[in-house]
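Asker: Got a structure for you, coords-v3.pdb, holding PDB, C-alpha atoms, pLDDT in the B column.
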ATOM      1  CA  MET A1063       0.000   0.000   0.000  1.00 39.00           C
ATOM      2  CA  THR A1064       2.975   2.326   0.346  1.00 38.00           C
ATOM      3  CA  GLU A1065       3.652   4.696  -2.552  1.00 50.00           C
ATOM      4  CA  GLY A1066       6.330   7.297  -3.178  1.00 60.00           C
ATOM      5  CA  LYS A1067       5.425  10.766  -1.941  1.00 78.00           C
ATOM      6  CA  ILE A1068       4.148  13.075  -4.658  1.00 90.00           C
ATOM      7  CA  SER A1069       4.479  16.832  -4.140  1.00 94.00           C
ATOM      8  CA  GLU A1070       1.387  18.842  -3.291  1.00 95.00           C
ATOM      9  CA  ASN A1071       2.041  21.058  -6.318  1.00 95.00           C
ATOM     10  CA  ILE A1072       1.933  18.083  -8.681  1.00 97.00           C
ATOM     11  CA  GLU A1073      -1.227  16.756  -7.030  1.00 96.00           C
ATOM     12  CA  GLU A1074      -2.907  20.143  -7.485  1.00 96.00           C
ATOM     13  CA  TYR A1075      -2.104  20.170 -11.217  1.00 97.00           C
ATOM     14  CA  LEU A1076      -3.359  16.616 -11.691  1.00 97.00           C
ATOM     15  CA  GLU A1077      -6.526  17.397  -9.738  1.00 96.00           C
ATOM     16  CA  VAL A1078      -7.364  20.329 -12.022  1.00 96.00           C
ATOM     17  CA  LEU A1079      -6.583  18.238 -15.092  1.00 97.00           C
ATOM     18  CA  TYR A1080      -8.945  15.542 -13.835  1.00 96.00           C
ATOM     19  CA  ARG A1081     -11.694  18.022 -13.026  1.00 94.00           C
ATOM     20  CA  ASN A1082     -11.583  19.344 -16.593  1.00 94.00           C
ATOM     21  CA  GLY A1083     -10.548  16.252 -18.531  1.00 93.00           C
ATOM     22  CA  SER A1084     -11.552  13.038 -16.781  1.00 90.00           C
ATOM     23  CA  ASN A1085     -12.767  11.550 -20.076  1.00 90.00           C
ATOM     24  CA  GLY A1086      -9.511  12.110 -21.902  1.00 88.00           C
ATOM     25  CA  GLU A1087     -10.289  15.666 -22.963  1.00 92.00           C
ATOM     26  CA  GLN A1088      -7.358  17.964 -23.648  1.00 95.00           C
ATOM     27  CA  VAL A1089      -7.058  20.708 -21.018  1.00 96.00           C
ATOM     28  CA  SER A1090      -5.488  23.946 -22.246  1.00 95.00           C
ATOM     29  CA  THR A1091      -2.633  25.821 -20.619  1.00 95.00           C
ATOM     30  CA  THR A1092      -4.945  28.825 -20.405  1.00 95.00           C
ATOM     31  CA  GLN A1093      -7.538  26.854 -18.419  1.00 95.00           C
ATOM     32  CA  LEU A1094      -4.906  25.559 -16.015  1.00 96.00           C
ATOM     33  CA  SER A1095      -3.406  29.021 -15.612  1.00 95.00           C
ATOM     34  CA  LYS A1096      -6.805  30.477 -14.787  1.00 95.00           C
ATOM     35  CA  GLU A1097      -7.833  27.831 -12.259  1.00 94.00           C
ATOM     36  CA  LEU A1098      -4.468  27.612 -10.520  1.00 95.00           C
ATOM     37  CA  ASP A1099      -3.812  31.380 -10.715  1.00 95.00           C
ATOM     38  CA  ILE A1100      -0.346  30.715 -12.093  1.00 95.00           C
ATOM     39  CA  ALA A1101       1.363  32.426 -15.038  1.00 96.00           C
ATOM     40  CA  PRO A1102       1.033  30.534 -18.361  1.00 94.00           C
ATOM     41  CA  GLY A1103       4.801  30.238 -18.728  1.00 94.00           C
ATOM     42  CA  SER A1104       5.102  28.531 -15.338  1.00 96.00           C
ATOM     43  CA  VAL A1105       2.220  26.205 -16.225  1.00 96.00           C
ATOM     44  CA  THR A1106       3.980  25.207 -19.454  1.00 96.00           C
ATOM     45  CA  GLN A1107       7.154  24.350 -17.535  1.00 96.00           C
ATOM     46  CA  MET A1108       5.193  22.186 -15.084  1.00 97.00           C
ATOM     47  CA  LEU A1109       3.384  20.401 -17.902  1.00 97.00           C
ATOM     48  CA  LYS A1110       6.716  19.459 -19.438  1.00 97.00           C
ATOM     49  CA  LYS A1111       7.804  18.093 -16.051  1.00 97.00           C
ATOM     50  CA  LEU A1112       4.567  16.131 -15.662  1.00 98.00           C
ATOM     51  CA  GLU A1113       5.062  14.631 -19.114  1.00 98.00           C
ATOM     52  CA  ASN A1114       8.591  13.564 -18.207  1.00 97.00           C
ATOM     53  CA  LEU A1115       7.183  11.886 -15.097  1.00 97.00           C
ATOM     54  CA  GLY A1116       4.656   9.988 -17.236  1.00 97.00           C
ATOM     55  CA  TYR A1117       1.576  11.639 -15.752  1.00 98.00           C
ATOM     56  CA  ILE A1118       0.347  13.467 -18.864  1.00 98.00           C
ATOM     57  CA  THR A1119       0.686  13.708 -22.614  1.00 97.00           C
ATOM     58  CA  TYR A1120       1.452  17.324 -23.484  1.00 97.00           C
ATOM     59  CA  THR A1121       0.984  18.990 -26.872  1.00 95.00           C
ATOM     60  CA  PRO A1122       2.425  22.531 -27.107  1.00 93.00           C
ATOM     61  CA  TYR A1123      -0.180  25.248 -27.784  1.00 87.00           C
ATOM     62  CA  LYS A1124      -2.992  22.732 -27.329  1.00 90.00           C
ATOM     63  CA  GLY A1125      -2.861  21.315 -23.834  1.00 92.00           C
ATOM     64  CA  ALA A1126      -2.497  18.188 -21.747  1.00 97.00           C
ATOM     65  CA  VAL A1127      -4.256  14.844 -21.327  1.00 97.00           C
ATOM     66  CA  LEU A1128      -3.860  12.595 -18.292  1.00 97.00           C
ATOM     67  CA  THR A1129      -2.155   9.245 -18.788  1.00 97.00           C
ATOM     68  CA  ASP A1130      -3.419   6.168 -16.922  1.00 96.00           C
ATOM     69  CA  GLU A1131      -0.872   6.783 -14.169  1.00 96.00           C
ATOM     70  CA  GLY A1132      -1.772  10.461 -13.979  1.00 97.00           C
ATOM     71  CA  MET A1133      -5.455   9.565 -13.841  1.00 96.00           C
ATOM     72  CA  LYS A1134      -4.786   7.170 -10.958  1.00 96.00           C
ATOM     73  CA  ILE A1135      -3.153   9.872  -8.859  1.00 97.00           C
ATOM     74  CA  ALA A1136      -5.681  12.533  -9.854  1.00 97.00           C
ATOM     75  CA  GLN A1137      -8.660  10.362  -8.936  1.00 97.00           C
ATOM     76  CA  LYS A1138      -7.162   9.512  -5.564  1.00 97.00           C
ATOM     77  CA  ILE A1139      -6.514  13.132  -4.555  1.00 97.00           C
ATOM     78  CA  THR A1140      -9.899  14.252  -5.920  1.00 97.00           C
ATOM     79  CA  ARG A1141     -11.619  11.487  -3.969  1.00 98.00           C
ATOM     80  CA  LYS A1142      -9.912  12.529  -0.738  1.00 98.00           C
ATOM     81  CA  HIS A1143     -10.814  16.175  -1.292  1.00 98.00           C
ATOM     82  CA  ARG A1144     -14.501  15.472  -1.895  1.00 98.00           C
ATOM     83  CA  ILE A1145     -14.818  13.002   0.983  1.00 98.00           C
ATOM     84  CA  LEU A1146     -13.193  15.560   3.283  1.00 98.00           C
ATOM     85  CA  GLU A1147     -15.678  18.207   2.140  1.00 98.00           C
ATOM     86  CA  LYS A1148     -18.508  15.823   2.989  1.00 98.00           C
ATOM     87  CA  PHE A1149     -16.992  15.110   6.404  1.00 98.00           C
ATOM     88  CA  LEU A1150     -16.342  18.760   7.215  1.00 98.00           C
ATOM     89  CA  ILE A1151     -19.916  19.801   6.422  1.00 97.00           C
ATOM     90  CA  ASP A1152     -21.961  16.787   7.497  1.00 97.00           C
ATOM     91  CA  VAL A1153     -20.051  15.810  10.627  1.00 97.00           C
ATOM     92  CA  LEU A1154     -18.033  18.800  11.813  1.00 97.00           C
ATOM     93  CA  LYS A1155     -20.622  21.371  10.627  1.00 97.00           C
ATOM     94  CA  ILE A1156     -17.956  23.670   9.185  1.00 97.00           C
ATOM     95  CA  LYS A1157     -19.295  26.702   7.324  1.00 95.00           C
ATOM     96  CA  GLU A1158     -19.699  25.844   3.664  1.00 94.00           C
ATOM     97  CA  GLU A1159     -17.682  28.849   2.490  1.00 94.00           C
ATOM     98  CA  ASN A1160     -14.671  27.596   4.485  1.00 95.00           C
ATOM     99  CA  VAL A1161     -14.813  23.956   3.462  1.00 97.00           C
ATOM    100  CA  HIS A1162     -13.019  23.963   0.097  1.00 94.00           C
ATOM    101  CA  GLU A1163      -9.879  25.644   1.408  1.00 95.00           C
ATOM    102  CA  GLN A1164      -9.698  23.376   4.446  1.00 97.00           C
ATOM    103  CA  ALA A1165     -10.206  20.246   2.328  1.00 97.00           C
ATOM    104  CA  CYS A1166      -7.393  21.437   0.017  1.00 95.00           C
ATOM    105  CA  GLU A1167      -5.040  21.666   2.995  1.00 95.00           C
ATOM    106  CA  MET A1168      -6.013  18.282   4.417  1.00 97.00           C
ATOM    107  CA  GLU A1169      -6.209  16.162   1.256  1.00 97.00           C
ATOM    108  CA  HIS A1170      -2.442  15.917   0.798  1.00 95.00           C
ATOM    109  CA  THR A1171      -1.825  14.401   4.227  1.00 95.00           C
ATOM    110  CA  LEU A1172      -4.872  12.127   4.539  1.00 97.00           C
ATOM    111  CA  SER A1173      -3.692   8.516   4.462  1.00 96.00           C
ATOM    112  CA  ASP A1174      -5.442   5.846   2.400  1.00 96.00           C
ATOM    113  CA  GLU A1175      -6.376   4.092   5.636  1.00 97.00           C
ATOM    114  CA  ALA A1176      -7.997   7.244   7.046  1.00 97.00           C
ATOM    115  CA  GLU A1177      -9.767   7.851   3.736  1.00 97.00           C
ATOM    116  CA  ARG A1178     -11.250   4.360   3.922  1.00 97.00           C
ATOM    117  CA  ALA A1179     -12.411   4.955   7.506  1.00 97.00           C
ATOM    118  CA  LEU A1180     -14.070   8.241   6.522  1.00 97.00           C
ATOM    119  CA  CYS A1181     -15.810   6.578   3.588  1.00 98.00           C
ATOM    120  CA  THR A1182     -17.194   3.877   5.875  1.00 96.00           C
ATOM    121  CA  MET A1183     -18.330   6.386   8.497  1.00 97.00           C
ATOM    122  CA  LEU A1184     -20.090   8.476   5.854  1.00 97.00           C
ATOM    123  CA  ASN A1185     -21.817   5.381   4.383  1.00 96.00           C
ATOM    124  CA  ASN A1186     -19.994   5.346   1.027  1.00 96.00           C
ATOM    125  CA  PRO A1187     -20.998   8.801  -0.255  1.00 97.00           C
ATOM    126  CA  ASP A1188     -21.344   9.213  -4.013  1.00 97.00           C
ATOM    127  CA  VAL A1189     -21.273  13.004  -4.308  1.00 97.00           C
ATOM    128  CA  CYS A1190     -19.624  15.877  -2.466  1.00 97.00           C
ATOM    129  CA  PRO A1191     -21.603  18.856  -1.074  1.00 95.00           C
ATOM    130  CA  GLU A1192     -21.415  20.506  -4.525  1.00 94.00           C
ATOM    131  CA  ASP A1193     -22.893  17.348  -6.135  1.00 95.00           C
ATOM    132  CA  ASN A1194     -19.673  16.392  -7.908  1.00 95.00           C
ATOM    133  CA  ILE A1195     -19.083  12.656  -8.199  1.00 97.00           C
ATOM    134  CA  ILE A1196     -16.720  11.177  -5.620  1.00 98.00           C
ATOM    135  CA  PRO A1197     -14.408   8.850  -7.593  1.00 97.00           C
ATOM    136  CA  ALA A1198     -14.286   5.177  -6.694  1.00 97.00           C
ATOM    137  CA  CYS A1199     -11.653   4.061  -4.204  1.00 97.00           C
ATOM    138  CA  SER A1200      -8.471   2.523  -5.561  1.00 96.00           C
ATOM    139  CA  PHE A1201      -8.901  -0.703  -3.589  1.00 97.00           C
ATOM    140  CA  ASP A1202      -9.352  -3.990  -5.419  1.00 97.00           C
ATOM    141  CA  PHE A1203     -12.942  -4.811  -4.432  1.00 97.00           C
ATOM    142  CA  ASP A1204     -16.091  -5.494  -6.468  1.00 98.00           C
ATOM    143  CA  ASN A1205     -18.342  -3.722  -3.954  1.00 97.00           C
ATOM    144  CA  CYS A1206     -18.360  -2.030  -0.557  1.00 97.00           C
ATOM    145  CA  ASN A1207     -19.382  -5.180   1.320  1.00 96.00           C
ATOM    146  CA  GLN A1208     -16.085  -6.794   0.323  1.00 97.00           C
ATOM    147  CA  CYS A1209     -14.307  -3.761   1.769  1.00 96.00           C
ATOM    148  CA  TYR A1210     -16.221  -4.085   5.051  1.00 95.00           C
ATOM    149  CA  SER A1211     -15.242  -7.738   5.267  1.00 96.00           C
ATOM    150  CA  GLN A1212     -11.521  -6.974   5.095  1.00 96.00           C
ATOM    151  CA  LYS A1213     -10.617  -5.784   8.585  1.00 95.00           C
ATOM    152  CA  ASP A1214      -6.855  -5.674   8.124  1.00 96.00           C
ATOM    153  CA  PHE A1215      -5.987  -2.631   6.024  1.00 96.00           C
ATOM    154  CA  ASP A1216      -2.469  -3.915   5.380  1.00 96.00           C
ATOM    155  CA  GLN A1217      -3.965  -6.857   3.459  1.00 96.00           C
ATOM    156  CA  ILE A1218      -5.802  -4.617   0.982  1.00 96.00           C
ATOM    157  CA  ILE A1219      -4.317  -4.276  -2.492  1.00 96.00           C
ATOM    158  CA  ASN A1220      -4.908  -1.595  -5.122  1.00 96.00           C
ATOM    159  CA  ARG A1221      -6.600  -2.353  -8.425  1.00 96.00           C
ATOM    160  CA  GLU A1222      -4.404  -1.957 -11.491  1.00 93.00           C
ATOM    161  CA  PHE A1223      -6.864   0.000 -13.623  1.00 95.00           C
ATOM    162  CA  ASN A1224      -8.931   3.179 -13.405  1.00 96.00           C
ATOM    163  CA  LEU A1225     -12.701   3.506 -13.181  1.00 97.00           C
ATOM    164  CA  LEU A1226     -15.353   6.045 -14.138  1.00 97.00           C
ATOM    165  CA  SER A1227     -18.989   6.004 -13.053  1.00 97.00           C
ATOM    166  CA  ILE A1228     -21.751   6.121 -15.648  1.00 97.00           C
ATOM    167  CA  SER A1229     -22.520   9.673 -14.498  1.00 95.00           C
ATOM    168  CA  GLU A1230     -18.973  10.798 -15.314  1.00 94.00           C
ATOM    169  CA  LEU A1231     -18.995   9.593 -18.930  1.00 94.00           C
ATOM    170  CA  LYS A1232     -19.118  12.271 -21.606  1.00 90.00           C
ATOM    171  CA  SER A1233     -18.181  10.493 -24.819  1.00 90.00           C
ATOM    172  CA  ASN A1234     -19.061   7.228 -26.533  1.00 93.00           C
ATOM    173  CA  VAL A1235     -17.427   4.404 -24.621  1.00 94.00           C
ATOM    174  CA  GLU A1236     -17.613   0.681 -24.048  1.00 95.00           C
ATOM    175  CA  GLY A1237     -16.260  -0.900 -20.882  1.00 96.00           C
ATOM    176  CA  THR A1238     -16.619  -3.590 -18.265  1.00 98.00           C
ATOM    177  CA  ILE A1239     -18.573  -3.012 -15.054  1.00 98.00           C
ATOM    178  CA  SER A1240     -15.892  -3.532 -12.422  1.00 98.00           C
ATOM    179  CA  PHE A1241     -17.125  -1.883  -9.199  1.00 98.00           C
ATOM    180  CA  ILE A1242     -20.529  -1.130  -7.685  1.00 98.00           C
ATOM    181  CA  ARG A1243     -20.648   1.214  -4.695  1.00 98.00           C
ATOM    182  CA  GLY A1244     -23.323   1.504  -2.043  1.00 96.00           C
ATOM    183  CA  ASN A1245     -25.198  -0.062   0.848  1.00 94.00           C
ATOM    184  CA  ASP A1246     -27.087  -3.352   0.736  1.00 94.00           C
ATOM    185  CA  GLU A1247     -30.311  -1.687  -0.431  1.00 96.00           C
ATOM    186  CA  LEU A1248     -28.671   0.033  -3.392  1.00 96.00           C
ATOM    187  CA  LEU A1249     -26.689  -3.077  -4.310  1.00 96.00           C
ATOM    188  CA  ASP A1250     -29.914  -5.107  -4.243  1.00 96.00           C
ATOM    189  CA  ASP A1251     -31.722  -2.546  -6.426  1.00 96.00           C
ATOM    190  CA  ILE A1252     -28.918  -2.622  -8.988  1.00 97.00           C
ATOM    191  CA  SER A1253     -28.817  -6.407  -8.928  1.00 96.00           C
ATOM    192  CA  ALA A1254     -32.600  -6.518  -9.482  1.00 96.00           C
ATOM    193  CA  LEU A1255     -32.030  -4.824 -12.850  1.00 95.00           C
ATOM    194  CA  GLY A1256     -29.777  -7.722 -13.812  1.00 95.00           C
ATOM    195  CA  ILE A1257     -26.610  -5.624 -13.554  1.00 97.00           C
ATOM    196  CA  LYS A1258     -23.511  -7.381 -12.242  1.00 97.00           C
ATOM    197  CA  ILE A1259     -19.736  -7.225 -12.176  1.00 98.00           C
ATOM    198  CA  GLY A1260     -18.222  -8.298 -15.498  1.00 97.00           C
ATOM    199  CA  ASP A1261     -21.103  -7.070 -17.657  1.00 98.00           C
ATOM    200  CA  THR A1262     -20.254  -5.087 -20.797  1.00 97.00           C
ATOM    201  CA  LEU A1263     -21.656  -1.538 -20.794  1.00 97.00           C
ATOM    202  CA  LYS A1264     -21.985   0.738 -23.811  1.00 96.00           C
ATOM    203  CA  PHE A1265     -22.588   4.472 -23.409  1.00 96.00           C
ATOM    204  CA  ASP A1266     -23.813   6.696 -26.245  1.00 94.00           C
ATOM    205  CA  SER A1267     -23.203  10.369 -25.469  1.00 91.00           C
ATOM    206  CA  GLU A1268     -25.813  11.514 -28.025  1.00 90.00           C
ATOM    207  CA  ASN A1269     -28.577   9.894 -25.979  1.00 87.00           C
ATOM    208  CA  ASN A1270     -27.354  11.098 -22.577  1.00 88.00           C
ATOM    209  CA  PRO A1271     -28.105  12.299 -20.079  1.00 83.00           C
ATOM    210  CA  LYS A1272     -31.886  12.044 -20.068  1.00 83.00           C
ATOM    211  CA  ALA A1273     -34.058  13.479 -17.306  1.00 83.00           C
ATOM    212  CA  ASN A1274     -32.604  12.100 -14.063  1.00 89.00           C
ATOM    213  CA  GLN A1275     -31.386   8.946 -15.781  1.00 94.00           C
ATOM    214  CA  TYR A1276     -28.914   7.530 -18.271  1.00 96.00           C
ATOM    215  CA  LEU A1277     -29.662   5.282 -21.226  1.00 95.00           C
ATOM    216  CA  VAL A1278     -27.040   2.556 -21.514  1.00 96.00           C
ATOM    217  CA  THR A1279     -26.705  -0.824 -23.169  1.00 97.00           C
ATOM    218  CA  ILE A1280     -25.660  -3.673 -20.894  1.00 96.00           C
ATOM    219  CA  ASN A1281     -25.033  -7.035 -22.531  1.00 94.00           C
ATOM    220  CA  ASP A1282     -27.127  -5.898 -25.545  1.00 91.00           C
ATOM    221  CA  ASP A1283     -30.103  -4.835 -23.382  1.00 94.00           C
ATOM    222  CA  GLU A1284     -31.025  -1.132 -23.241  1.00 95.00           C
ATOM    223  CA  LEU A1285     -31.639   0.116 -19.700  1.00 95.00           C
ATOM    224  CA  ASP A1286     -32.593   3.458 -18.164  1.00 95.00           C
ATOM    225  CA  ILE A1287     -30.368   3.871 -15.115  1.00 96.00           C
ATOM    226  CA  PRO A1288     -31.479   6.408 -12.449  1.00 96.00           C
ATOM    227  CA  VAL A1289     -28.843   8.963 -11.460  1.00 95.00           C
ATOM    228  CA  GLU A1290     -28.479   7.564  -7.941  1.00 95.00           C
ATOM    229  CA  MET A1291     -27.482   4.229  -9.472  1.00 97.00           C
ATOM    230  CA  ALA A1292     -25.407   5.709 -12.300  1.00 97.00           C
ATOM    231  CA  ASN A1293     -23.279   7.554  -9.726  1.00 97.00           C
ATOM    232  CA  ASN A1294     -22.289   4.215  -8.218  1.00 98.00           C
ATOM    233  CA  ILE A1295     -21.812   1.878 -11.198  1.00 98.00           C
ATOM    234  CA  PHE A1296     -18.212   2.059 -12.380  1.00 98.00           C
ATOM    235  CA  ILE A1297     -16.670   0.769 -15.573  1.00 98.00           C
ATOM    236  CA  ARG A1298     -13.061   0.005 -16.318  1.00 95.00           C
ATOM    237  CA  ILE A1299     -11.526   2.646 -18.590  1.00 79.00           C
TER
END
Go ahead and render the structure in this file as structure tokens.

Answerer:
Amino acid sequence: MTEGKISENIEEYLEVLYRNGSNGEQVSTTQLSKELDIAPGSVTQMLKKLENLGYITYTPYKGAVLTDEGMKIAQKITRKHRILEKFLIDVLKIKEENVHEQACEMEHTLSDEAERALCTMLNNPDVCPEDNIIPACSFDFDNCNQCYSQKDFDQIINREFNLLSISELKSNVEGTISFIRGNDELLDDISALGIKIGDTLKFDSENNPKANQYLVTINDDELDIPVEMANNIFIRI
């Protein structure tokens, strides 16, 4: 479970890249400069460094796209940030206007073990207070019940691929359902639709999203998936 320490500055860049390009979209230097409040020239230098580290693919004058490794890191730091926001508001009752800054300060030092404990305490939240999707954990489980069953954190291993929920998809994609998040009731409701780990899911961006639901094809059957389920059904990308 131990990984090399990544600088807070790098994590911040990857987090912004993920927020604007989680589906493989190219994020411009201008966009990064604006969101990070950093001069474009400095952003360009950092992008070159991130490319050398293998975290992005950078095209001068166009922008950057996260690699699989960059996506892995970006999802993890984004997940910690959004879970912390949920914790700060729902449990500690921190004023909403103060939450983002505090979560930014805490996310870089929150251990994976503490993140898991917060997730459990908060009953596997799917969205942060601003209704942004909380990415799936990086642990190699099919569902949250498997996570509950593993008491020894040191025995948990990380999955080797990245995931996106149905609600996060923006372009045509086909993938394998590899994680389903939620409590027993939600897992039962999803199972009742015939959806299970290993199923093939196809997403057509032209037909989505519909009103409070997503139209997807699972194993050749078209299904309307409510948002509360779509937030918690993850496919391998």

Asker: Can you tell me which residues surround Thr1091 in chain A at a distance of at most 9 Å, considering only C-alpha atoms, apart from same-chain residues fewer than 5 positions away, and format the answer as a PyMOL selection string?

Answerer: chain A and resi 1096+1102-1103+1105-1106+1109+1122-1126

Asker: Given the file shown, enumerate the residues that the PyMOL selection byres ((chain A and resi 1282) around 9) captures and present them as a list in words.

Answerer: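 With the shown file as input, the PyMOL selection byres ((chain A and resi 1282) around 9) matches Thr1262, Leu1263, Lys1264, Thr1279, Ile1280, Asn1281, Asp1283 and Glu1284 of chain A.
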
Asker: Just the selected residues (C-alpha atoms), exported as an mmCIF file, in the coordinates of the input, please.

Answerer:
data_model
loop_
_atom_site.group_PDB
_atom_site.id
_atom_site.type_symbol
_atom_site.label_atom_id
_atom_site.label_comp_id
_atom_site.auth_asym_id
_atom_site.auth_seq_id
_atom_site.Cartn_x
_atom_site.Cartn_y
_atom_site.Cartn_z
ATOM 1 C CA THR A 1262 -20.254 -5.087 -20.797
ATOM 2 C CA LEU A 1263 -21.656 -1.538 -20.794
ATOM 3 C CA LYS A 1264 -21.985 0.738 -23.811
ATOM 4 C CA THR A 1279 -26.705 -0.824 -23.169
ATOM 5 C CA ILE A 1280 -25.660 -3.673 -20.894
ATOM 6 C CA ASN A 1281 -25.033 -7.035 -22.531
ATOM 7 C CA ASP A 1283 -30.103 -4.835 -23.382
ATOM 8 C CA GLU A 1284 -31.025 -1.132 -23.241
#

Asker: Might you spell out which residues the PyMOL selection byres ((chain A and resi 1237) around 7) would select in the displayed file, as a ChimeraX atom specification?

Answerer: /A:1235-1236,1238-1239,1262-1264,1297-1299

Asker: Measure the distance from CA of Ser1229 in chain A to CA of Asp1202 in chain A in Å and round it to one decimal.

Answerer: 21.0 Å

Asker: Kindly resolve the PyMOL selection byres ((chain A and resi 1244) around 9) on the present coordinates and return the residues as a PDB file with C-alpha atoms, keeping the file's coordinate frame.

Answerer:
ATOM      1  CA  ASN A1185     -21.817   5.381   4.383  1.00 96.00           C
ATOM      2  CA  ASN A1186     -19.994   5.346   1.027  1.00 96.00           C
ATOM      3  CA  PRO A1187     -20.998   8.801  -0.255  1.00 97.00           C
ATOM      4  CA  ASP A1188     -21.344   9.213  -4.013  1.00 97.00           C
ATOM      5  CA  ASN A1205     -18.342  -3.722  -3.954  1.00 97.00           C
ATOM      6  CA  CYS A1206     -18.360  -2.030  -0.557  1.00 97.00           C
ATOM      7  CA  ASN A1207     -19.382  -5.180   1.320  1.00 96.00           C
ATOM      8  CA  ILE A1242     -20.529  -1.130  -7.685  1.00 98.00           C
ATOM      9  CA  ARG A1243     -20.648   1.214  -4.695  1.00 98.00           C
ATOM     10  CA  ASN A1245     -25.198  -0.062   0.848  1.00 94.00           C
ATOM     11  CA  ASP A1246     -27.087  -3.352   0.736  1.00 94.00           C
ATOM     12  CA  GLU A1247     -30.311  -1.687  -0.431  1.00 96.00           C
ATOM     13  CA  LEU A1248     -28.671   0.033  -3.392  1.00 96.00           C
ATOM     14  CA  LEU A1249     -26.689  -3.077  -4.310  1.00 96.00           C
ATOM     15  CA  MET A1291     -27.482   4.229  -9.472  1.00 97.00           C
ATOM     16  CA  ASN A1294     -22.289   4.215  -8.218  1.00 98.00           C
TER      17      ASN A1294
END

Asker: Go ahead and compute the interatomic distance for CA of Leu1094 in chain A and CA of Glu1077 in chain A, in Å to one decimal.

Answerer: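 Between CA of Leu1094 in chain A and CA of Glu1077 in chain A the gap is 10.4 Å.
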
Asker: So how many Å separate CA of Ser1069 in chain A and CA of Thr1171 in chain A, to one decimal?

Answerer: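 One can read the CA of Ser1069 in chain A to CA of Thr1171 in chain A distance as 10.8 Å.
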
Asker: For Glu1268 in chain A, list every protein, DNA or RNA residue within 12 Å, evaluated using only C-alpha atoms, and leave out those in the same chain fewer than 3 positions away; present the list as a ChimeraX atom specification.

Answerer: /A:1231-1235,1265,1271-1272,1276-1278

Asker: Measuring atom to atom with only C-alpha atoms, identify which of A:Leu1150, A:Leu1226, A:Leu1128, A:Leu1112 is nearest to Leu1184 in chain A.

Answerer: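 Distance minimum relative to Leu1184 in chain A lands on A:Leu1150.
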
Asker: Could you pull the residues within 9 Å of Ala1292 in chain A, counting only C-alpha atoms, minus those fewer than 3 positions along the same chain, as a list in words?

Answerer: Ser1227, Ile1228, Ser1229, Glu1230, Gln1275, Tyr1276, Ile1287, Pro1288, Val1289, Ile1295 and Phe1296 of chain A

Asker: Nearest to Asn1224 in chain A: which of A:Glu1073, A:Asp1099, A:Glu1175, A:Asp1130 is it, counting all atoms listed in the file?

Answerer: A:Asp1130

Asker: Restricting the calculation to only C-alpha atoms: of A:Ser1084, A:Leu1076, A:Lys1142, A:Asn1160, which residue gets closest to Leu1225 in chain A?

Answerer: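 Closest to Leu1225 in chain A of all the choices is A:Ser1084.
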
Asker: Around range 1245-1255 of chain A, with edges along x, y and z and 3 Å added on all six sides, what centre and edge lengths do you get, in Å to one decimal, as lines of an AutoDock Vina configuration file?

Answerer:
center_x = -28.9
center_y = -3.2
center_z = -6.0
size_x = 13.4
size_y = 12.6
size_z = 19.7

Asker: May I have the residues within 7 Å of Arg1221 in chain A as a JSON list (two decimals) with C-alpha atoms, in the frame of the given file, using only C-alpha atoms and disregarding those fewer than 2 positions away in the same chain?

Answerer:
[["chain", "number", "residue", "atom", "x", "y", "z"],
["A", 1200, "SER", "CA", -8.47, 2.52, -5.56],
["A", 1201, "PHE", "CA", -8.90, -0.70, -3.59],
["A", 1202, "ASP", "CA", -9.35, -3.99, -5.42],
["A", 1219, "ILE", "CA", -4.32, -4.28, -2.49],
["A", 1223, "PHE", "CA", -6.86, 0.00, -13.62]]

Asker: Tell me which residues come within 10 Å of (-15.6, 7.8, 1.1), as a list in words, counting only C-alpha atoms in the file's coordinates.

Answerer: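 Every residue inside that radius is included here: Arg1141, Lys1142, His1143, Arg1144, Ile1145, Leu1146, Lys1148, Phe1149, Ala1176, Glu1177, Arg1178, Ala1179, Leu1180, Cys1181, Thr1182, Met1183, Leu1184, Asn1185, Asn1186, Pro1187, Asp1188, Val1189, Cys1190, Ile1196, Pro1197, Ala1198 and Cys1199 of chain A.
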
Asker: Which residues, protein or nucleic acid, reach to within 6 Å of (-1.9, 20.4, -0.3) in the file's coordinates when using all atoms listed in the file, and can you give that as a list in words?

Answerer: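 Nearby residues: Glu1070, Cys1166, Glu1167 and His1170 of chain A.
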